[in-house]
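Dumped upload39.cif below, it's mmCIF, C-alpha atoms:
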```
data_model
#
loop_
_atom_site.label_atom_id
_atom_site.label_comp_id
_atom_site.auth_asym_id
_atom_site.auth_seq_id
_atom_site.Cartn_x
_atom_site.Cartn_y
_atom_site.Cartn_z
CA MET S 19 157.93 139.40 80.48
CA ALA S 20 156.16 136.47 78.93
CA THR S 21 158.34 136.50 75.86
CA LYS S 22 161.49 136.69 77.96
CA ALA S 23 160.48 133.52 79.80
CA ALA S 24 159.65 131.81 76.52
CA ARG S 25 163.02 132.79 75.13
CA ILE S 26 164.91 131.44 78.15
CA GLY S 27 162.97 128.20 77.97
CA GLU S 28 163.59 127.71 74.28
CA GLU S 29 167.27 128.48 74.60
CA VAL S 30 167.88 126.14 77.52
CA TRP S 31 165.89 123.35 75.84
CA LYS S 32 167.98 123.63 72.70
CA SER S 33 171.39 123.75 74.27
CA ARG S 34 171.68 122.45 77.78
CA VAL S 35 169.25 119.57 78.03
CA ASP S 36 169.91 115.90 77.29
CA LYS S 37 167.12 114.41 75.26
CA ILE S 38 165.40 111.05 75.49
CA ASN S 39 162.88 109.38 73.18
CA ALA S 40 159.41 110.62 74.07
CA GLU S 41 157.79 107.24 73.62
CA VAL S 42 160.13 105.71 76.20
CA VAL S 43 158.88 108.28 78.72
CA THR S 44 155.25 107.74 77.75
CA LEU S 45 155.47 103.96 78.00
CA THR S 46 157.44 104.06 81.27
CA TYR S 47 154.97 106.43 82.91
CA GLY S 48 152.08 104.35 81.61
CA THR S 49 153.57 101.22 83.11
CA ILE S 50 154.03 102.98 86.46
CA VAL S 51 150.39 104.04 86.56
CA ALA S 52 149.13 100.64 85.41
CA GLN S 53 151.25 98.88 88.03
CA LEU S 54 150.03 101.24 90.78
CA CYS S 55 146.47 100.46 89.73
CA ARG S 56 147.20 96.76 90.09
CA ASP S 57 148.98 97.12 93.45
CA LEU S 58 146.80 99.60 95.28
CA THR S 59 143.46 97.95 95.80
CA VAL S 60 140.54 98.75 98.07
CA PRO S 61 141.20 96.99 101.42
CA ASN S 62 139.84 93.45 101.59
CA THR S 63 139.26 93.14 97.85
CA ILE S 64 141.56 91.67 95.23
CA ASN S 65 141.01 93.42 91.96
CA LYS S 66 139.23 96.62 92.83
CA THR S 67 141.65 99.50 92.38
CA ASP S 68 141.60 102.29 94.93
CA TYR S 69 141.98 105.22 92.56
CA ASN S 70 142.20 107.81 95.32
CA ALA S 71 145.20 105.97 96.73
CA VAL S 72 146.74 105.88 93.24
CA ASN S 73 146.25 109.63 92.89
CA LYS S 74 147.86 110.24 96.27
CA GLU S 75 150.78 107.97 95.45
CA LEU S 76 151.41 109.69 92.12
CA ASP S 77 151.32 113.03 93.92
CA ARG S 78 153.80 111.78 96.50
CA MET S 79 156.14 110.48 93.81
CA GLY S 80 155.91 113.80 92.01
CA TYR S 81 156.61 115.66 95.26
CA ASN S 82 159.85 113.76 95.78
CA MET S 83 160.82 114.42 92.17
CA GLY S 84 159.99 118.11 92.45
CA LEU S 85 162.17 118.63 95.52
CA ARG S 86 165.19 117.57 93.47
CA LEU S 87 164.14 118.90 90.10
CA ILE S 88 164.08 122.52 91.26
CA GLU S 89 167.85 122.46 91.87
CA ASP S 90 168.40 121.18 88.34
CA PHE S 91 166.07 123.83 86.99
CA LEU S 92 167.79 126.69 88.79
CA ALA S 93 171.21 125.45 87.74
CA LYS S 94 170.25 125.14 84.08
CA THR S 95 168.35 128.37 83.71
CA GLY S 96 170.25 130.55 86.15
CA THR S 97 167.18 132.67 86.83
CA GLY S 98 166.80 134.67 90.00
CA GLN S 99 163.88 135.02 92.35
CA CYS S 100 160.45 135.84 90.95
CA SER S 101 158.98 139.06 92.25
CA ASN S 102 155.33 137.99 92.31
CA PHE S 103 153.14 134.96 91.82
CA ARG S 104 152.30 135.90 88.25
CA GLU S 105 155.96 135.78 87.33
CA THR S 106 156.20 132.39 89.04
CA ALA S 107 153.35 131.11 86.90
CA GLU S 108 155.08 132.24 83.72
CA MET S 109 158.33 130.64 84.83
CA ILE S 110 156.63 127.32 85.55
CA SER S 111 154.76 127.17 82.29
CA LYS S 112 157.18 128.67 79.79
CA VAL S 113 160.52 127.59 81.24
CA GLY S 114 159.94 124.72 83.64
CA PHE S 115 157.69 122.55 81.50
CA LYS S 116 159.59 123.47 78.36
CA VAL S 117 162.96 122.43 79.75
CA PHE S 118 161.79 119.11 81.17
CA ILE S 119 159.09 117.79 78.84
CA ASN S 120 159.13 120.24 75.95
CA ILE S 121 155.58 121.47 76.27
CA THR S 122 154.29 124.94 77.12
CA PRO S 123 150.95 124.90 78.90
CA ASN S 124 149.01 128.14 78.86
CA VAL S 125 148.37 130.17 81.98
CA SER S 126 144.79 131.32 82.33
CA ASN S 127 141.90 131.91 84.70
CA TRP S 128 143.67 134.06 87.22
CA SER S 129 141.65 134.52 90.38
CA LYS S 130 140.74 137.99 91.62
CA ASP S 131 143.57 138.36 94.09
CA SER S 132 146.17 136.77 91.82
CA ASP S 133 146.77 133.79 94.00
CA SER S 134 145.55 130.98 91.79
CA PHE S 135 145.66 130.18 88.10
CA HIS S 136 144.94 127.40 85.64
CA LEU S 137 147.51 125.63 83.50
CA VAL S 138 145.89 124.48 80.27
CA PHE S 139 147.70 121.59 78.59
CA GLU S 140 147.16 121.39 74.84
CA GLU S 141 149.24 118.26 74.57
CA ASN S 142 150.25 115.87 77.29
CA PRO S 143 153.06 113.51 76.27
CA LEU S 144 152.53 111.40 79.38
CA ALA S 145 149.06 110.45 78.22
CA ASP S 146 149.63 109.49 74.58
CA PHE S 147 147.67 106.42 73.45
CA VAL S 148 146.07 106.04 76.86
CA GLU S 149 142.50 104.93 77.36
CA LEU S 150 141.33 104.70 80.95
CA PRO S 151 140.09 101.23 81.99
CA ASP S 152 136.33 100.99 81.72
CA ASP S 153 135.45 99.57 85.10
CA GLY S 154 133.03 102.40 85.70
CA ARG S 155 135.14 104.18 88.29
CA ALA S 156 138.44 105.09 86.61
CA GLN S 157 136.67 107.69 84.49
CA ASP S 158 135.50 109.53 87.59
CA GLU S 159 138.26 108.94 90.08
CA LEU S 160 141.67 108.63 88.43
CA TRP S 161 143.75 111.68 87.52
CA TYR S 162 146.21 110.05 85.15
CA SER S 163 148.85 112.80 85.08
CA ASN S 164 148.75 113.51 88.78
CA ILE S 165 152.51 113.20 89.06
CA LEU S 166 152.77 116.68 87.52
CA CYS S 167 150.82 118.16 90.44
CA GLY S 168 153.27 116.62 92.87
CA VAL S 169 156.27 117.89 90.91
CA ILE S 170 155.03 121.47 91.02
CA ARG S 171 154.17 121.20 94.70
CA GLY S 172 157.61 119.82 95.61
CA ALA S 173 159.51 122.31 93.51
CA MET S 174 157.59 125.28 94.91
CA GLU S 175 158.09 124.15 98.47
CA MET S 176 161.86 124.32 98.00
CA VAL S 177 161.55 127.94 96.91
CA GLN S 178 159.54 128.88 100.00
CA MET S 179 156.08 128.75 98.50
CA GLN S 180 153.41 126.38 99.71
CA ILE S 181 151.00 125.69 96.89
CA GLU S 182 148.21 123.31 96.14
CA ALA S 183 148.00 121.81 92.65
CA ARG S 184 145.23 119.62 91.38
CA PHE S 185 143.65 118.71 88.09
CA VAL S 186 140.18 120.03 87.32
CA SER S 187 139.60 118.43 83.93
CA ASP S 188 141.29 115.82 81.75
CA VAL S 189 140.77 114.81 78.13
CA LEU S 190 141.21 111.17 79.17
CA ARG S 191 138.03 111.52 81.19
CA GLY S 192 136.14 112.94 78.23
CA ASP S 193 136.46 116.64 79.09
CA ASP S 194 137.48 119.14 76.44
CA THR S 195 140.77 120.24 77.96
CA THR S 196 143.36 119.09 80.45
CA GLU S 197 143.58 121.78 83.13
CA MET S 198 145.43 122.01 86.41
CA ARG S 199 144.57 124.53 89.09
CA VAL S 200 147.52 125.91 91.09
CA THR S 201 146.74 127.87 94.26
CA LEU S 202 149.17 129.71 96.50
CA ILE S 203 148.52 128.87 100.14
CA ARG S 204 151.28 130.88 101.79
CA ILE S 205 154.85 132.02 101.49
CA ILE S 206 156.99 130.00 103.86
CA GLU S 207 159.12 132.16 106.16
CA ASP S 208 162.12 130.67 107.86
CA GLU S 209 161.08 129.45 111.26
CA MET S 210 163.18 128.62 114.30
CA PRO S 211 162.85 125.03 115.53
CA PRO S 212 160.36 124.94 118.38
CA ASP S 213 162.65 124.21 121.31
CA ASP S 214 165.56 126.48 120.43
CA GLU S 215 166.57 129.05 122.94
CA MET F 19 128.79 88.99 50.66
CA SER F 20 129.73 88.79 54.24
CA TYR F 21 132.85 88.99 56.26
CA TYR F 22 133.82 87.81 59.69
CA PHE F 23 136.94 89.36 61.15
CA ALA F 24 138.63 88.04 64.25
CA ILE F 25 141.83 88.83 66.10
CA VAL F 26 143.36 85.76 67.70
CA GLY F 27 145.90 85.99 70.51
CA THR F 28 149.00 83.98 71.21
CA ARG F 29 147.04 81.33 73.08
CA ASP F 30 144.52 80.86 70.27
CA ASN F 31 142.07 82.95 72.26
CA PRO F 32 139.84 85.42 70.41
CA LEU F 33 140.54 89.02 71.37
CA PHE F 34 138.14 90.78 69.05
CA GLU F 35 135.42 89.76 66.58
CA ILE F 36 133.20 91.65 64.22
CA ASP F 37 131.00 90.69 61.29
CA PHE F 38 130.03 92.95 58.50
CA GLY F 39 128.99 92.88 54.88
CA THR F 40 130.39 94.59 51.86
CA SER F 41 129.70 98.27 51.35
CA LYS F 42 130.68 98.31 47.70
CA GLY F 43 128.18 98.65 44.88
CA GLY F 44 125.48 100.10 47.04
CA ALA F 45 125.27 97.21 49.47
CA ASP F 46 124.29 98.04 53.00
CA GLY F 47 127.26 96.70 54.92
CA VAL F 48 125.33 94.20 56.99
CA ALA F 49 126.45 90.59 57.29
CA ARG F 50 124.06 87.97 56.00
CA PHE F 51 125.31 84.82 57.61
CA ARG F 52 123.03 81.92 58.40
CA ASP F 53 122.28 81.11 62.01
CA GLU F 54 124.77 78.27 62.16
CA ALA F 55 127.41 80.63 60.96
CA LYS F 56 127.62 82.10 64.41
CA HIS F 57 129.54 79.13 65.73
CA MET F 58 130.70 77.70 62.42
CA ASN F 59 132.65 80.85 61.60
CA GLN F 60 134.57 80.49 64.79
CA PHE F 61 135.32 76.82 64.08
CA ILE F 62 136.45 77.56 60.54
CA VAL F 63 138.72 80.38 61.64
CA HIS F 64 140.11 78.25 64.44
CA ALA F 65 140.90 75.45 61.99
CA ALA F 66 142.63 77.96 59.74
CA ILE F 67 145.05 78.83 62.51
CA ASP F 68 146.82 75.53 61.83
CA MET F 69 147.35 76.57 58.23
CA VAL F 70 148.71 79.91 59.37
CA GLU F 71 151.23 78.23 61.61
CA GLU F 72 152.38 76.09 58.68
CA VAL F 73 152.70 78.95 56.25
CA GLN F 74 154.29 81.46 58.60
CA TRP F 75 157.73 79.89 58.54
CA HIS F 76 158.03 80.02 54.75
CA ASN F 77 156.86 83.57 54.32
CA LYS F 78 158.65 86.64 55.57
CA GLU F 79 155.73 89.00 54.88
CA LEU F 80 153.31 90.09 57.57
CA TYR F 81 150.36 89.57 55.24
CA LEU F 82 149.98 85.86 54.47
CA LYS F 83 147.21 86.14 51.84
CA LYS F 84 144.67 83.38 51.60
CA VAL F 85 145.58 80.56 53.94
CA ASP F 86 142.55 78.31 53.84
CA SER F 87 139.13 77.66 52.36
CA TYR F 88 136.17 75.68 53.53
CA GLN F 89 133.28 75.22 51.11
CA ASN F 90 132.53 78.79 50.21
CA ASN F 91 134.51 80.47 52.97
CA HIS F 92 137.96 81.87 52.33
CA ILE F 93 140.30 82.95 55.07
CA HIS F 94 143.00 85.56 54.81
CA CYS F 95 145.49 86.28 57.52
CA LEU F 96 147.90 88.94 58.67
CA LEU F 97 150.42 87.86 61.30
CA THR F 98 151.83 90.56 63.54
CA GLY F 99 155.28 90.63 65.09
CA GLY F 100 153.83 89.64 68.44
CA ASN F 101 152.27 86.46 67.01
CA ILE F 102 148.78 87.95 66.98
CA LYS F 103 146.71 86.76 64.02
CA PHE F 104 144.21 88.96 62.20
CA MET F 105 141.91 86.50 60.42
CA LEU F 106 139.37 87.60 57.85
CA LEU F 107 136.77 85.09 56.69
CA MET F 108 134.92 86.01 53.55
CA ASN F 109 131.95 84.37 51.97
CA PRO F 110 130.45 85.50 48.68
CA ASP F 111 127.14 83.79 49.17
CA PRO F 112 126.52 82.99 52.80
CA THR F 113 122.95 81.79 52.44
CA SER F 114 123.93 78.96 50.18
CA THR F 115 126.77 77.58 52.23
CA PRO F 116 125.95 74.10 53.44
CA TYR F 117 127.79 73.47 56.67
CA SER F 118 126.89 69.82 56.89
CA THR F 119 129.76 67.66 55.67
CA TYR F 120 127.62 65.64 53.31
CA GLN F 121 127.18 67.74 50.22
CA THR F 122 123.99 66.97 48.40
CA SER F 123 124.36 69.48 45.60
CA PRO F 124 127.43 70.80 43.79
CA PRO F 125 128.98 73.98 45.25
CA SER F 126 127.07 76.99 44.00
CA ARG F 127 128.35 78.99 41.12
CA PRO F 128 127.84 82.75 41.33
CA SER F 129 124.26 83.08 40.22
CA THR F 130 124.29 86.65 39.00
CA ALA F 131 126.89 88.64 37.12
CA ARG F 132 127.04 91.05 40.03
CA GLN F 133 128.03 88.32 42.43
CA SER F 134 130.87 87.19 40.28
CA THR F 135 132.55 90.55 40.59
CA LEU F 136 132.48 90.38 44.38
CA LEU F 137 135.84 90.18 46.02
CA ALA F 138 135.16 86.88 47.69
CA SER F 139 134.16 85.11 44.49
CA ASN F 140 137.69 85.45 43.35
CA PRO F 141 139.73 85.05 46.47
CA THR F 142 143.17 84.73 45.00
CA ALA F 143 142.90 87.58 42.52
CA PRO F 144 145.40 90.37 43.03
CA GLN F 145 142.69 93.00 43.53
CA THR F 146 141.13 90.96 46.29
CA GLU F 147 144.42 90.31 48.00
CA ASP F 148 145.31 93.96 47.69
CA ALA F 149 142.02 95.17 49.15
CA VAL F 150 142.26 92.76 52.05
CA ARG F 151 145.89 93.67 52.64
CA GLN F 152 145.08 97.36 52.84
CA PHE F 153 142.24 96.64 55.23
CA MET F 154 144.54 94.55 57.40
CA LEU F 155 147.22 97.23 57.46
CA GLU F 156 144.74 99.84 58.63
CA VAL F 157 143.50 97.55 61.34
CA TYR F 158 147.15 96.91 62.23
CA GLU F 159 147.71 100.62 62.79
CA ALA F 160 144.63 100.90 64.97
CA TRP F 161 145.81 97.78 66.82
CA LEU F 162 149.21 99.34 67.55
CA LYS F 163 147.55 102.35 69.16
CA CYS F 164 145.41 100.00 71.19
CA ILE F 165 148.30 97.98 72.60
CA MET F 166 150.27 101.13 73.47
CA ASN F 167 147.62 101.76 76.10
CA PRO F 168 149.36 101.01 79.43
CA PHE F 169 146.19 99.52 80.86
CA TYR F 170 145.96 96.90 78.11
CA GLN F 171 147.55 93.58 79.00
CA VAL F 172 148.80 91.08 76.42
CA ASN F 173 146.12 88.58 75.39
CA GLN F 174 143.37 90.61 76.99
CA ALA F 175 140.13 91.06 75.04
CA VAL F 176 139.85 94.37 73.25
CA THR F 177 136.75 96.20 74.41
CA SER F 178 137.51 99.72 73.24
CA PRO F 179 134.66 101.17 71.17
CA ILE F 180 137.16 103.44 69.42
CA PHE F 181 139.01 100.42 68.07
CA ARG F 182 135.75 98.84 66.93
CA SER F 183 134.72 101.94 65.04
CA ARG F 184 138.14 102.21 63.42
CA VAL F 185 137.88 98.62 62.17
CA ALA F 186 134.37 99.28 60.85
CA THR F 187 135.56 102.38 59.01
CA ALA F 188 138.45 100.50 57.45
CA ALA F 189 136.02 97.79 56.39
CA LYS F 190 133.75 100.31 54.69
CA LYS F 191 136.68 101.81 52.94
CA TYR F 192 138.31 98.71 51.51
CA LEU F 193 135.89 95.82 51.49
#
```

Could you quickly redo this structure as structure tokens?
Amino acid sequence: MATKAARIGEEVWKSRVDKINAEVVTLTYGTIVAQLCRDLTVPNTINKTDYNAVNKELDRMGYNMGLRLIEDFLAKTGTGQCSNFRETAEMISKVGFKVFINITPNVSNWSKDSDSFHLVFEENPLADFVELPDDGRAQDELWYSNILCGVIRGAMEMVQMQIEARFVSDVLRGDDTTEMRVTLIRIIEDEMPPDDE
Amino acid sequence: MSYYFAIVGTRDNPLFEIDFGTSKGGADGVARFRDEAKHMNQFIVHAAIDMVEEVQWHNKELYLKKVDSYQNNHIHCLLTGGNIKFMLLMNPDPTSTPYSTYQTSPPSRPSTARQSTLLASNPTAPQTEDAVRQFMLEVYEAWLKCIMNPFYQVNQAVTSPIFRSRVATAAKKYL
């Protein structure tokens, strides 16, 4: 199953995806984060960045991207529904990330009841050449690649799964690996609007 | 033999400074400048910026070789595409450099045979220029990685310890 996902990802990446220079993406994303850090400041101060607000904003941006990206993904890969959460994880890591940014994070650390896993990123093209500002707080508060969490959250919501994604470690902060924890909250069933008869 | 390396921004503001000594021939790599050198080095490098601006229009290379000397100090420069100047000041015998303008004794000749083989004693020799050029190019590569950082703004001081250690390593290797 894992190799089938890898094969689909590789094949779609080679044939059906338009490519762009990686450094353009890196520099553009870097500028977005740097600009957010300059704009979102702690209330009533001028230069003190509110890193929690930056994280939330990146997540929100990623969410909006993910809502639209899932359609593109399904159109390009033509895959059907996944039968369980483990299959979903493989699809995200081997096909989704491969098709859009040409990396394949590893899936690990499954929880006991198979409803949460870790994505381990060996390389993160969004964070090339980045050093977090040394104002004493960025190292502890900013998750630089938080847009990826939002993307996964948005994409999953469009396929009826409510998940929570957040980073647990980041090489930019000095940890050994960059890892994201993805947890399934619930499967969304279709619901009638509240005041329908 | 001591070196003072500075990176000067587009507004003639210093972005990075480091002093070190030679590591060749068993020397310990520590700068031996006199006390006045602390501010005099900055003045001398600042004055050399004028020479750089004169020479830059006639030379299409990034590395401008030796641009200026003052008493025993020689200044080499590499000019980047973004008008950032890497200035290296080298002094073969820092303890005997008289900074006062009135010179009471003739400029010192290298007193030992060892000193005369130092790079700075012969500032325009091809080996010297080559060594300094290689040092500058390595610093240039480290500099490029530094400015690709999205949080670094143009003309901001460089405080990254990684950059500092890269420059120090390049210095040990080439100078």

I'd like a table as CSV: residues in chain S with an atom no more than 8 Å from chain F, each row giving the shortest atom pair and its distance in Å to one decimal, all atoms listed in the file counted, sorted by chain and rising residue number.
```
residue,atom,partner,partner_atom,distance
S:Leu45,CA,F:Pro168,CA,6.9
S:Gly48,CA,F:Pro168,CA,4.8
S:Thr49,CA,F:Pro168,CA,5.6
S:Val51,CA,F:Pro168,CA,7.8
S:Ala52,CA,F:Phe169,CA,5.5
S:Phe147,CA,F:Asn167,CA,5.4
S:Val148,CA,F:Asn167,CA,4.6
S:Glu149,CA,F:Asn167,CA,6.2
S:Leu150,CA,F:Phe169,CA,7.1
S:Pro151,CA,F:Phe169,CA,6.4
```

Give as a compact mmCIF listing (two decimals) with C-alpha atoms, keeping the file's coordinate frame the residues that the PyMOL selection byres ((chain S and resi 27) around 9) matches when applied to the coordinates above.
```txt
# COMPACT_ATOMS: atom_id res chain seq x y z
CA LYS S 22 161.49 136.69 77.96
CA ALA S 23 160.48 133.52 79.80
CA ALA S 24 159.65 131.81 76.52
CA ARG S 25 163.02 132.79 75.13
CA ILE S 26 164.91 131.44 78.15
CA GLU S 28 163.59 127.71 74.28
CA GLU S 29 167.27 128.48 74.60
CA VAL S 30 167.88 126.14 77.52
CA TRP S 31 165.89 123.35 75.84
CA LYS S 32 167.98 123.63 72.70
CA THR S 95 168.35 128.37 83.71
CA MET S 109 158.33 130.64 84.83
CA LYS S 112 157.18 128.67 79.79
CA VAL S 113 160.52 127.59 81.24
CA GLY S 114 159.94 124.72 83.64
CA PHE S 115 157.69 122.55 81.50
CA LYS S 116 159.59 123.47 78.36
CA VAL S 117 162.96 122.43 79.75
```

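Reported to one decimal place, the separation of atom CA of F:Gln174 from atom CA of S:Val42 is 22.6 Å.
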
inquiry  = Give me the residues near F:Glu54 as a PyMOL selection string, where near means some atom within 12 Å (using all atoms listed in the file) and where sequence neighbours in that chain fewer than 2 positions away do not count.
reply    = chain F and resi 50-52+56-62+112-113+115-118

ask   = Do you have the atom CA of S:Ser126-atom CA of S:Glu140 distance handy?
value = 12.7 Å

For stretch 63-67 of chain F, work out the shell of residues within 12 Å, counting only C-alpha atoms and skipping chain neighbours fewer than 3 positions away, then give it as a short mmCIF file (atom, residue, chain, number, x, y, z; two decimals) with C-alpha atoms, keeping the file's coordinate frame.
```
data_model
loop_
_atom_site.label_atom_id
_atom_site.label_comp_id
_atom_site.auth_asym_id
_atom_site.auth_seq_id
_atom_site.Cartn_x
_atom_site.Cartn_y
_atom_site.Cartn_z
CA TYR F 21 132.85 88.99 56.26
CA TYR F 22 133.82 87.81 59.69
CA PHE F 23 136.94 89.36 61.15
CA ALA F 24 138.63 88.04 64.25
CA ILE F 25 141.83 88.83 66.10
CA VAL F 26 143.36 85.76 67.70
CA GLY F 27 145.90 85.99 70.51
CA THR F 28 149.00 83.98 71.21
CA ARG F 29 147.04 81.33 73.08
CA ASP F 30 144.52 80.86 70.27
CA ASN F 31 142.07 82.95 72.26
CA PRO F 32 139.84 85.42 70.41
CA GLU F 35 135.42 89.76 66.58
CA ALA F 55 127.41 80.63 60.96
CA LYS F 56 127.62 82.10 64.41
CA HIS F 57 129.54 79.13 65.73
CA MET F 58 130.70 77.70 62.42
CA ASN F 59 132.65 80.85 61.60
CA GLN F 60 134.57 80.49 64.79
CA VAL F 70 148.71 79.91 59.37
CA GLU F 71 151.23 78.23 61.61
CA GLU F 72 152.38 76.09 58.68
CA VAL F 73 152.70 78.95 56.25
CA GLN F 74 154.29 81.46 58.60
CA LEU F 82 149.98 85.86 54.47
CA LYS F 84 144.67 83.38 51.60
CA VAL F 85 145.58 80.56 53.94
CA ASP F 86 142.55 78.31 53.84
CA SER F 87 139.13 77.66 52.36
CA TYR F 88 136.17 75.68 53.53
CA ASN F 91 134.51 80.47 52.97
CA HIS F 92 137.96 81.87 52.33
CA ILE F 93 140.30 82.95 55.07
CA HIS F 94 143.00 85.56 54.81
CA CYS F 95 145.49 86.28 57.52
CA LEU F 96 147.90 88.94 58.67
CA LEU F 97 150.42 87.86 61.30
CA ASN F 101 152.27 86.46 67.01
CA ILE F 102 148.78 87.95 66.98
CA LYS F 103 146.71 86.76 64.02
CA PHE F 104 144.21 88.96 62.20
CA MET F 105 141.91 86.50 60.42
CA LEU F 106 139.37 87.60 57.85
CA LEU F 107 136.77 85.09 56.69
CA MET F 108 134.92 86.01 53.55
#
```

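Interatomic distance, atom CA of S:His136 to atom CA of S:Ala156: 23.3 Å.
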
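When the PyMOL selection byres ((chain S and resi 83) around 10) is run on the displayed coordinates, the residues it returns are Asp77, Arg78, Met79, Gly80, Tyr81, Asn82, Gly84, Leu85, Arg86, Leu87, Ile88, Ile165, Leu166, Gly168, Val169, Ile170, Arg171, Gly172 and Ala173 of chain S.
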